[in-house]
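**Student:** A single structure is presented below for examination.
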Amino acid sequence: MAQTHSNDAFVAFERVQKSYDGETLVVKDLNLSLPKGEFLTMLGPSGSGKTTCLMMLAGFETATHGEIKLDGKPINNIPPHKRGIGMVFQNYALFPHMTVAENLAFPLEVRKLGKSEREAKVKRALDMVQMGAFGGRRPAQLSGGQQQRIALARALVFEPELVLMDEPLGALDKQLREHMQFEITRIAHDLGITTVYVTHDQTEALTMSDRVAVFNDGRIQQLAPPDELYEAPQNSFVAQFIGENNTLEGTVQELRDGYAKVRLDSGDIIDCKPVNVGKAGDRTLVSIRPERVEIDKSRLHPDAHTLKAEVLEFVYMGDIFRTRLRVAGREDFVIKTRNAPDQRRLKPGEMVEIGWLADDCRALDA
Amino acid sequence: MADTTTDGPMLAADGTPLKQSLARALRRQKIRALMLTAPLLVFVLVSFIMPIGSMLMRSIQNTAGTEYVPDILPNVVAELEGWDPTTGELPSEAAFRAMIVDFKAAFENKQHTQLGRRFNYETPGMSSLFRKSGRKVSRMDVAEITDAKAELIDVDDDWGNIQYWATIKANSGYYTSSYYMAAFDAERTIEGVQMKDPDQRIYQKLMLRTLWLSGLITFCTLAIGYPVAWLLADLPLRTSNLLMILVLLPFWTSLLVRTSAWKILLQEQGVINDIWIALGFSDRLSLINNQLGVVIAMTHILLPFMILPLYSVMKTIPPSYLRAAKSLGATNTTAFLRVYFPQTTPGIGAGALLVFILAVGYFITPELVGGADGTFISNRIYFQFSTLGNWGLAAALGTIMLAIVLLLYYVYDKLVGIDNVKLG
Ligand SMILES: Nc1ncnc2c1ncn2[C@@H]1O[C@H](COP(=O)(O)OP(=O)(O)O)[C@@H](O)[C@H]1O
Ligand SMILES: [Mg+2]
């Protein structure tokens, strides 16, 4: 995993570690830097240390080791209120005893802005999130989606250069969430602010971000733009965590010409692209995306290895067909085929031969 | 359903009108609920509503012992009707004669001393007059008496005291305002109702002291309890549960024991004074048997009543509010004052109301550690009925305190809103 250590990084974590109890490291050797204006998402399962990283950046937790820099300056000793970082919390944390407008005016008041300037900025921020008419309401009188917008407006109203969001859409229903994903990215790009966004929802991460840092077990597993993350996962955790994925276990038999021959545990031989394997004899998890599996032999390389598969289940999903197969002893192998006039509709019990381009089949760490 | 017709009332499955069977089902539920709460209702009625009602009545009933004064002195009351004490003349001969008649009857029923005590509350001296006159008047024969006035004054000169007769006239109804008058430090003189001399206005002083010390104690519990509650709410549950036991431990100890413990700690030769002397100071501090002692002991005793409501409110405030405030640029102080503190006001309200109302009625602690200048109105009320037997004045004072507390509660409701009070 190569991490960029450019000097013009706006936010930089350098060798950061964090432990709460002095026994286990919740964040292990975090190196991350992002340029100004980037929308970066920390994606990972619950408990992987995303919130902890965000809290260290915001100043609510101190790093046990290492340095966090903002705009080139170390901020370890700067208290949170002087960092000037906007934050959106998962439960919104709108002050219940203040109206929406008072909530938004709060950061401006503590910065001692004049009344007229304050009012102008509050109005602009409310308009930005299309909530101009709601200034006089209490947070409790708003729906979840409206509260979310206000929380966003409040984090942005004092014009911070960096905004942190910790699972801000977690409490919303699916439709609203998709709409807000779009809104947040639009606003972030319009204002040109740097954003660190935390989520455990991979779709959210892929659709919103410039780059995604996949977290697991206190480490960044891969830091890459969404397409690269999906198409070229660097290890089996990323491959399985992002999108749907088929894995087959096996042993590397031979490495030649940039390709690997893998003997699966069932005895079958397949061709793969070696990504995260050392030498012949190593155990490996082979990863293939469901939509890259080919059932039409004519479209494969003549020498390509194929596997025999039995159709277990066929699901019609409108735009695509999702077929579950028994392959190499596993019953959870899924392929997706596009719904086209000439597309085969497989029936349960049918035997097919499947194959793929060696480039689409990645041999990763076991 | 098939058996419900389109016109006419909806019918239940067994053919009875739906409304009727619903009402029957609900009635059964209501009766069951009533039966379950009946013991509590009876208990509240017997132990709370009835005593308060009886107290309210006692404060206005003009009784001597168990009987109303006008029922004991019916003839005197009738004869005094036309008499005006402000003229400076004694009542008529007929009134004196009536007094002998009624007094003899009262003596027969052994009511004359109670009657004397009743009038003595208003005008000191009348108790001994009635007691001393008892046997002599009882031997008189009204039929043989020609000059009742002279005879009676002959028994005791005080029968010629116009003030005494004025007192009898003023308290000759079934109901009297004189207990309330006394409770407000007013007295009835021949010239009418007047405030007592300022240095004799003890009830006013005691009530103000009770309210002031209760307020001070409430403030002290708040000042000490707020940080403790905050700490408890902020700590992880295991630690906070342990500390909560420390808060509650004194709660489970007898009030008497806790008060006595303070006596031992604070007394002249007590632990704290010994340490004070050991530190090199020469004068012993007087920490007990004064207002300071009452404030210290009661603050400690009432502290849990402040901490518990505060804690329960603070527990519901997620830490993200303070974090949000700081991320928006507020210093710790601003974040606390503008964001955290306003959200704890329901707890402050509940705690303050609870502690204040409890403190106003406190009895044992001021009695034991209050000394002369630290006693509360409750101690005086106790003294009135236990030592002087003046239930009427005790009831009037109690009713006034009840009214003050209700008034404060009302004002509080207007200012804070009782709905905002969270007790847990
Ligand atoms: N304040 C804390 N004290 C102790 N442990 C914590 C604290 N906050 C988080 N942790 C632990 O640190 C790990 C990472 O938590 P977190 O950063 O919240 O993960 P994520 O946001 O990715 O779900 C978890 O195992 C969690 O139990
Ligand atoms: Mg989290």
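By order of appearance in the structure tokens: chains A, B, ..., then residues from 1 within every chain, and ligands from 1 in the order shown.
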Identify, counting only C-alpha atoms and all ligand atoms, the protein, DNA and RNA residues located within 12 Å of ligand 2, and give them as an MDAnalysis selection string.
**Tutor:** chainID A and resid 42:55 89:91 165:168 170 197:201 215
**Student:** What does the file look like for those residues with N, CA, C and O atoms, as a CSV table (one decimal), in the first residue's frame?
**Tutor:**
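Saved to again-v9.csv:
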chain,number,residue,atom,x,y,z
A,42,MET,N,-13.9,7.5,5.0
A,42,MET,CA,-13.4,6.4,5.7
A,42,MET,C,-14.5,5.3,5.8
A,42,MET,O,-15.6,5.6,6.3
A,43,LEU,N,-14.2,4.2,5.2
A,43,LEU,CA,-15.2,3.1,5.1
A,43,LEU,C,-14.7,1.9,5.9
A,43,LEU,O,-13.5,1.6,5.7
A,44,GLY,N,-15.6,1.3,6.6
A,44,GLY,CA,-15.1,0.1,7.3
A,44,GLY,C,-16.2,-0.4,8.2
A,44,GLY,O,-17.2,0.3,8.5
A,45,PRO,N,-16.1,-1.6,8.7
A,45,PRO,CA,-17.1,-2.2,9.5
A,45,PRO,C,-17.1,-1.5,10.9
A,45,PRO,O,-16.2,-0.8,11.2
A,46,SER,N,-18.2,-1.7,11.6
A,46,SER,CA,-18.3,-1.1,12.9
A,46,SER,C,-17.2,-1.5,13.9
A,46,SER,O,-16.8,-2.7,13.9
A,47,GLY,N,-16.6,-0.6,14.6
A,47,GLY,CA,-15.5,-1.0,15.5
A,47,GLY,C,-14.1,-1.0,14.9
A,47,GLY,O,-13.1,-1.3,15.5
A,48,SER,N,-14.0,-0.5,13.6
A,48,SER,CA,-12.7,-0.6,12.9
A,48,SER,C,-11.9,0.7,13.2
A,48,SER,O,-10.8,0.8,12.8
A,49,GLY,N,-12.4,1.6,14.0
A,49,GLY,CA,-11.6,2.8,14.4
A,49,GLY,C,-11.8,4.0,13.6
A,49,GLY,O,-11.1,5.0,13.7
A,50,LYS,N,-12.9,4.1,12.8
A,50,LYS,CA,-13.2,5.3,12.0
A,50,LYS,C,-13.5,6.5,12.8
A,50,LYS,O,-12.9,7.6,12.7
A,51,THR,N,-14.4,6.3,13.7
A,51,THR,CA,-14.9,7.4,14.6
A,51,THR,C,-13.7,7.9,15.4
A,51,THR,O,-13.5,9.1,15.6
A,52,THR,N,-12.9,7.0,15.9
A,52,THR,CA,-11.7,7.4,16.7
A,52,THR,C,-10.8,8.3,15.9
A,52,THR,O,-10.3,9.3,16.4
A,53,CYS,N,-10.6,7.9,14.6
A,53,CYS,CA,-9.7,8.8,13.8
A,53,CYS,C,-10.3,10.2,13.6
A,53,CYS,O,-9.6,11.2,13.7
A,54,LEU,N,-11.6,10.2,13.4
A,54,LEU,CA,-12.3,11.5,13.2
A,54,LEU,C,-12.2,12.3,14.5
A,54,LEU,O,-12.0,13.5,14.5
A,55,MET,N,-12.4,11.7,15.6
A,55,MET,CA,-12.3,12.4,16.9
A,55,MET,C,-10.9,12.9,17.2
A,55,MET,O,-10.8,13.9,17.8
A,89,PHE,N,-22.6,15.3,13.3
A,89,PHE,CA,-22.6,14.1,14.1
A,89,PHE,C,-23.8,13.2,13.6
A,89,PHE,O,-24.7,13.7,13.0
A,90,GLN,N,-23.6,12.0,14.0
A,90,GLN,CA,-24.6,11.0,13.5
A,90,GLN,C,-26.0,11.3,14.1
A,90,GLN,O,-27.0,11.2,13.4
A,91,ASN,N,-26.1,11.7,15.4
A,91,ASN,CA,-27.4,12.1,15.9
A,91,ASN,C,-27.7,13.6,15.8
A,91,ASN,O,-28.5,14.1,16.4
A,165,MET,N,-17.7,14.4,8.9
A,165,MET,CA,-19.0,13.9,9.1
A,165,MET,C,-18.9,12.4,9.5
A,165,MET,O,-18.3,11.6,8.9
A,166,ASP,N,-19.6,12.1,10.7
A,166,ASP,CA,-19.5,10.8,11.2
A,166,ASP,C,-20.9,10.1,11.0
A,166,ASP,O,-21.8,10.4,11.7
A,167,GLU,N,-21.0,9.2,10.0
A,167,GLU,CA,-22.2,8.5,9.6
A,167,GLU,C,-23.4,9.5,9.7
A,167,GLU,O,-24.4,9.2,10.4
A,168,PRO,N,-23.4,10.6,8.9
A,168,PRO,CA,-24.4,11.6,9.1
A,168,PRO,C,-25.8,11.1,8.5
A,168,PRO,O,-26.8,11.6,8.9
A,170,GLY,N,-26.9,7.9,8.7
A,170,GLY,CA,-27.2,6.6,9.2
A,170,GLY,C,-28.6,6.4,9.7
A,170,GLY,O,-29.2,5.3,9.6
A,197,TYR,N,-15.4,12.0,5.5
A,197,TYR,CA,-16.7,11.4,5.7
A,197,TYR,C,-16.6,10.0,6.2
A,197,TYR,O,-15.8,9.2,5.7
A,198,VAL,N,-17.3,9.7,7.2
A,198,VAL,CA,-17.2,8.3,7.8
A,198,VAL,C,-18.5,7.6,7.5
A,198,VAL,O,-19.6,8.1,7.7
A,199,THR,N,-18.4,6.3,7.0
A,199,THR,CA,-19.6,5.5,6.8
A,199,THR,C,-19.2,4.1,6.9
A,199,THR,O,-18.1,3.7,6.7
A,200,HIS,N,-20.3,3.2,7.1
A,200,HIS,CA,-20.0,1.8,7.0
A,200,HIS,C,-20.8,1.3,5.8
A,200,HIS,O,-20.8,0.1,5.5
A,201,ASP,N,-21.4,2.2,5.0
A,201,ASP,CA,-22.2,1.8,3.8
A,201,ASP,C,-21.3,2.0,2.6
A,201,ASP,O,-21.0,3.1,2.2
A,215,PHE,N,-11.1,0.9,6.1
A,215,PHE,CA,-10.6,0.6,7.4
A,215,PHE,C,-11.0,-0.8,7.8
A,215,PHE,O,-12.1,-1.3,7.6
**Student:** Quick one: which residues from chain B are at most 7 Å off chain A, using only C-alpha atoms, as a ChimeraX atom specification?
**Tutor:** /B:320-321,324,326-331,339,343
**Student:** In terms of the shortest atom-to-atom distance over only C-alpha atoms and all ligand atoms, which of B:Gly349, B:Pro51, B:Gly389, B:Pro319 is closest to ligand 1?
**Tutor:**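 Distance minimum relative to ligand 1 lands on B:Pro319.
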**Student:** When you look at Leu408 (chain B) with a cut-off of 12 Å (counting only C-alpha atoms), what residues show up, excluding the ones that are within fewer than 3 positions of it in the same chain? I need them as a PyMOL selection string.
**Tutor:** chain B and resi 211+215+352-354+356-357+360+401-405+411-416+418
**Student:** Would you export the selected residues with N, CA, C and O atoms as a JSON list (two decimals), in the first residue's frame, please?
**Tutor:**
[["chain", "number", "residue", "atom", "x", "y", "z"],
["B", 211, "LEU", "N", -37.78, 30.21, 55.50],
["B", 211, "LEU", "CA", -37.70, 30.33, 54.04],
["B", 211, "LEU", "C", -36.28, 30.66, 53.61],
["B", 211, "LEU", "O", -35.75, 30.08, 52.65],
["B", 215, "GLY", "N", -33.89, 28.25, 51.47],
["B", 215, "GLY", "CA", -33.32, 28.71, 50.21],
["B", 215, "GLY", "C", -31.83, 28.54, 50.19],
["B", 215, "GLY", "O", -31.25, 28.06, 49.19],
["B", 352, "ALA", "N", -34.38, 21.50, 43.08],
["B", 352, "ALA", "CA", -34.55, 22.66, 43.94],
["B", 352, "ALA", "C", -35.93, 22.63, 44.61],
["B", 352, "ALA", "O", -36.06, 22.87, 45.81],
["B", 353, "LEU", "N", -36.94, 22.29, 43.82],
["B", 353, "LEU", "CA", -38.29, 22.23, 44.36],
["B", 353, "LEU", "C", -38.38, 21.19, 45.47],
["B", 353, "LEU", "O", -38.92, 21.44, 46.55],
["B", 354, "LEU", "N", -37.80, 20.04, 45.18],
["B", 354, "LEU", "CA", -37.84, 18.94, 46.14],
["B", 354, "LEU", "C", -37.12, 19.31, 47.43],
["B", 354, "LEU", "O", -37.67, 19.18, 48.53],
["B", 356, "PHE", "N", -36.21, 22.26, 48.55],
["B", 356, "PHE", "CA", -36.79, 23.41, 49.24],
["B", 356, "PHE", "C", -38.02, 23.01, 50.04],
["B", 356, "PHE", "O", -38.15, 23.35, 51.21],
["B", 357, "ILE", "N", -38.91, 22.26, 49.40],
["B", 357, "ILE", "CA", -40.14, 21.90, 50.09],
["B", 357, "ILE", "C", -39.85, 20.98, 51.27],
["B", 357, "ILE", "O", -40.43, 21.12, 52.35],
["B", 360, "VAL", "N", -38.30, 23.24, 54.09],
["B", 360, "VAL", "CA", -39.25, 24.12, 54.77],
["B", 360, "VAL", "C", -39.97, 23.38, 55.89],
["B", 360, "VAL", "O", -40.25, 23.94, 56.94],
["B", 401, "MET", "N", -47.83, 27.86, 56.15],
["B", 401, "MET", "CA", -46.67, 27.29, 55.46],
["B", 401, "MET", "C", -47.09, 26.53, 54.21],
["B", 401, "MET", "O", -46.46, 26.61, 53.17],
["B", 402, "LEU", "N", -48.20, 25.79, 54.35],
["B", 402, "LEU", "CA", -48.72, 25.05, 53.20],
["B", 402, "LEU", "C", -49.06, 26.02, 52.08],
["B", 402, "LEU", "O", -48.73, 25.79, 50.90],
["B", 403, "ALA", "N", -49.70, 27.13, 52.44],
["B", 403, "ALA", "CA", -50.08, 28.11, 51.42],
["B", 403, "ALA", "C", -48.85, 28.70, 50.76],
["B", 403, "ALA", "O", -48.81, 28.89, 49.54],
["B", 404, "ILE", "N", -47.81, 28.98, 51.58],
["B", 404, "ILE", "CA", -46.59, 29.57, 51.00],
["B", 404, "ILE", "C", -45.96, 28.60, 50.01],
["B", 404, "ILE", "O", -45.56, 28.97, 48.90],
["B", 405, "VAL", "N", -45.89, 27.31, 50.41],
["B", 405, "VAL", "CA", -45.27, 26.32, 49.52],
["B", 405, "VAL", "C", -46.08, 26.18, 48.23],
["B", 405, "VAL", "O", -45.52, 26.13, 47.13],
["B", 411, "VAL", "N", -45.82, 29.86, 41.43],
["B", 411, "VAL", "CA", -44.91, 30.81, 40.78],
["B", 411, "VAL", "C", -43.89, 30.05, 39.94],
["B", 411, "VAL", "O", -43.60, 30.40, 38.80],
["B", 412, "TYR", "N", -43.38, 28.98, 40.54],
["B", 412, "TYR", "CA", -42.40, 28.16, 39.84],
["B", 412, "TYR", "C", -42.98, 27.60, 38.55],
["B", 412, "TYR", "O", -42.34, 27.61, 37.50],
["B", 413, "ASP", "N", -44.23, 27.14, 38.65],
["B", 413, "ASP", "CA", -44.89, 26.59, 37.46],
["B", 413, "ASP", "C", -45.00, 27.64, 36.38],
["B", 413, "ASP", "O", -44.79, 27.37, 35.20],
["B", 414, "LYS", "N", -45.33, 28.88, 36.79],
["B", 414, "LYS", "CA", -45.45, 29.96, 35.81],
["B", 414, "LYS", "C", -44.10, 30.27, 35.18],
["B", 414, "LYS", "O", -44.00, 30.52, 33.98],
["B", 415, "LEU", "N", -43.04, 30.24, 35.99],
["B", 415, "LEU", "CA", -41.71, 30.63, 35.49],
["B", 415, "LEU", "C", -41.06, 29.52, 34.70],
["B", 415, "LEU", "O", -40.57, 29.73, 33.59],
["B", 416, "VAL", "N", -41.02, 28.34, 35.27],
["B", 416, "VAL", "CA", -40.28, 27.23, 34.66],
["B", 416, "VAL", "C", -41.20, 26.28, 33.92],
["B", 416, "VAL", "O", -40.84, 25.73, 32.88],
["B", 418, "ILE", "N", -44.09, 23.31, 35.19],
["B", 418, "ILE", "CA", -43.91, 22.09, 35.98],
["B", 418, "ILE", "C", -43.70, 20.90, 35.06],
["B", 418, "ILE", "O", -43.10, 19.90, 35.43]]
**Student:** Per residue of chain B within 12 Å of ligand 1, which atom pair is closest and at what distance in Å (one decimal), using only C-alpha atoms and all ligand atoms, listed by chain and increasing number, as a tab-separated table?
**Tutor:**
residue	atom	partner	partner_atom_place_in_ligand_line	distance
B:Asp234	CA	ligand 1	1 (N)	11.3
B:Leu235	CA	ligand 1	1 (N)	10.7
B:Pro236	CA	ligand 1	3 (N)	9.2
B:Pro319	CA	ligand 1	1 (N)	10.9
**Student:** Give me the residues within 10 Å of Phe10 (chain A) as a list in words, counting only C-alpha atoms and dropping any in the same chain fewer than 3 places off.
**Tutor:** Ser6, Asn7, Ser33, Leu34, Pro35, Lys36, Gly37, Glu38, Lys69, Leu70, Asp71, Gly72, Lys73, Glu161, Leu162 and Thr194 of chain A
**Student:** Atoms to include: N, CA and C atoms. Write the selected residues as a PDB file, in the first residue's frame.
**Tutor:**
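part.pdb was written with the following content:
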ATOM      1  N   SER A   6       2.634  13.820   0.146  1.00  0.00           N
ATOM      2  CA  SER A   6       2.956  15.080  -0.520  1.00  0.00           C
ATOM      3  C   SER A   6       3.076  16.194   0.513  1.00  0.00           C
ATOM      4  N   ASN A   7       3.849  17.188   0.224  1.00  0.00           N
ATOM      5  CA  ASN A   7       4.071  18.287   1.163  1.00  0.00           C
ATOM      6  C   ASN A   7       2.895  19.243   1.211  1.00  0.00           C
ATOM      7  N   SER A  33      -2.954  11.166   3.980  1.00  0.00           N
ATOM      8  CA  SER A  33      -2.899  12.598   3.740  1.00  0.00           C
ATOM      9  C   SER A  33      -3.871  12.934   2.634  1.00  0.00           C
ATOM     10  N   LEU A  34      -4.523  14.071   2.791  1.00  0.00           N
ATOM     11  CA  LEU A  34      -5.435  14.439   1.723  1.00  0.00           C
ATOM     12  C   LEU A  34      -5.260  15.901   1.350  1.00  0.00           C
ATOM     13  N   PRO A  35      -5.302  16.178   0.058  1.00  0.00           N
ATOM     14  CA  PRO A  35      -5.123  17.550  -0.414  1.00  0.00           C
ATOM     15  C   PRO A  35      -6.381  18.366  -0.167  1.00  0.00           C
ATOM     16  N   LYS A  36      -6.206  19.674  -0.282  1.00  0.00           N
ATOM     17  CA  LYS A  36      -7.323  20.592  -0.111  1.00  0.00           C
ATOM     18  C   LYS A  36      -8.426  20.277  -1.116  1.00  0.00           C
ATOM     19  N   GLY A  37      -9.659  20.319  -0.669  1.00  0.00           N
ATOM     20  CA  GLY A  37     -10.787  20.159  -1.576  1.00  0.00           C
ATOM     21  C   GLY A  37     -11.190  18.728  -1.817  1.00  0.00           C
ATOM     22  N   GLU A  38     -10.472  17.795  -1.236  1.00  0.00           N
ATOM     23  CA  GLU A  38     -10.810  16.408  -1.509  1.00  0.00           C
ATOM     24  C   GLU A  38     -11.971  15.940  -0.636  1.00  0.00           C
ATOM     25  N   LYS A  69      -1.446  16.611  11.276  1.00  0.00           N
ATOM     26  CA  LYS A  69      -1.141  17.964  10.817  1.00  0.00           C
ATOM     27  C   LYS A  69      -2.314  18.515  10.029  1.00  0.00           C
ATOM     28  N   LEU A  70      -2.543  19.791  10.248  1.00  0.00           N
ATOM     29  CA  LEU A  70      -3.583  20.480   9.492  1.00  0.00           C
ATOM     30  C   LEU A  70      -2.904  21.647   8.803  1.00  0.00           C
ATOM     31  N   ASP A  71      -2.988  21.646   7.494  1.00  0.00           N
ATOM     32  CA  ASP A  71      -2.338  22.709   6.738  1.00  0.00           C
ATOM     33  C   ASP A  71      -0.847  22.811   7.092  1.00  0.00           C
ATOM     34  N   GLY A  72      -0.215  21.674   7.294  1.00  0.00           N
ATOM     35  CA  GLY A  72       1.219  21.655   7.549  1.00  0.00           C
ATOM     36  C   GLY A  72       1.611  21.832   8.999  1.00  0.00           C
ATOM     37  N   LYS A  73       0.657  22.267   9.856  1.00  0.00           N
ATOM     38  CA  LYS A  73       1.011  22.520  11.260  1.00  0.00           C
ATOM     39  C   LYS A  73       0.485  21.394  12.144  1.00  0.00           C
ATOM     40  N   GLU A 161     -12.672  25.207   6.598  1.00  0.00           N
ATOM     41  CA  GLU A 161     -12.051  24.657   5.400  1.00  0.00           C
ATOM     42  C   GLU A 161     -12.113  23.145   5.386  1.00  0.00           C
ATOM     43  N   LEU A 162     -12.359  22.603   6.601  1.00  0.00           N
ATOM     44  CA  LEU A 162     -12.411  21.149   6.715  1.00  0.00           C
ATOM     45  C   LEU A 162     -13.696  20.767   7.443  1.00  0.00           C
ATOM     46  N   THR A 194     -12.718  20.742   2.087  1.00  0.00           N
ATOM     47  CA  THR A 194     -12.160  19.411   2.273  1.00  0.00           C
ATOM     48  C   THR A 194     -13.078  18.652   3.217  1.00  0.00           C
TER      49      THR A 194
END
**Student:** I'd like to know which residues of region 175-285 of chain B are strand (DSSP E or B) (by DSSP, run on the backbone); could you write them as a list in words?
**Tutor:**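 DSSP on the backbone gives strand (DSSP E or B) at Tyr175, Ala186, Glu187, Arg188, Thr189, Gly192, Val193, Gln194 and Met195 of chain B.
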**Student:** Restricting the calculation to only C-alpha atoms: of B:Leu45, B:Leu11, B:Ala350, B:Met314, which residue gets closest to Asp419 (chain B)?
**Tutor:** B:Ala350
**Student:** Counting only C-alpha atoms, which residue out of A:Gly355, A:Gly132, A:Gly278, A:Gly243 sits closest to Ala260 (chain A)?
**Tutor:**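 Nearest candidate to Ala260 (chain A) out of A:Gly355, A:Gly132, A:Gly278, A:Gly243: A:Gly278.
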**Student:** Would you list, as a ChimeraX atom specification, the residues of region 285-333 of chain B that end up in alpha helix (DSSP H) under DSSP run on this structure's backbone?
**Tutor:** /B:291-315,320-327,332-333
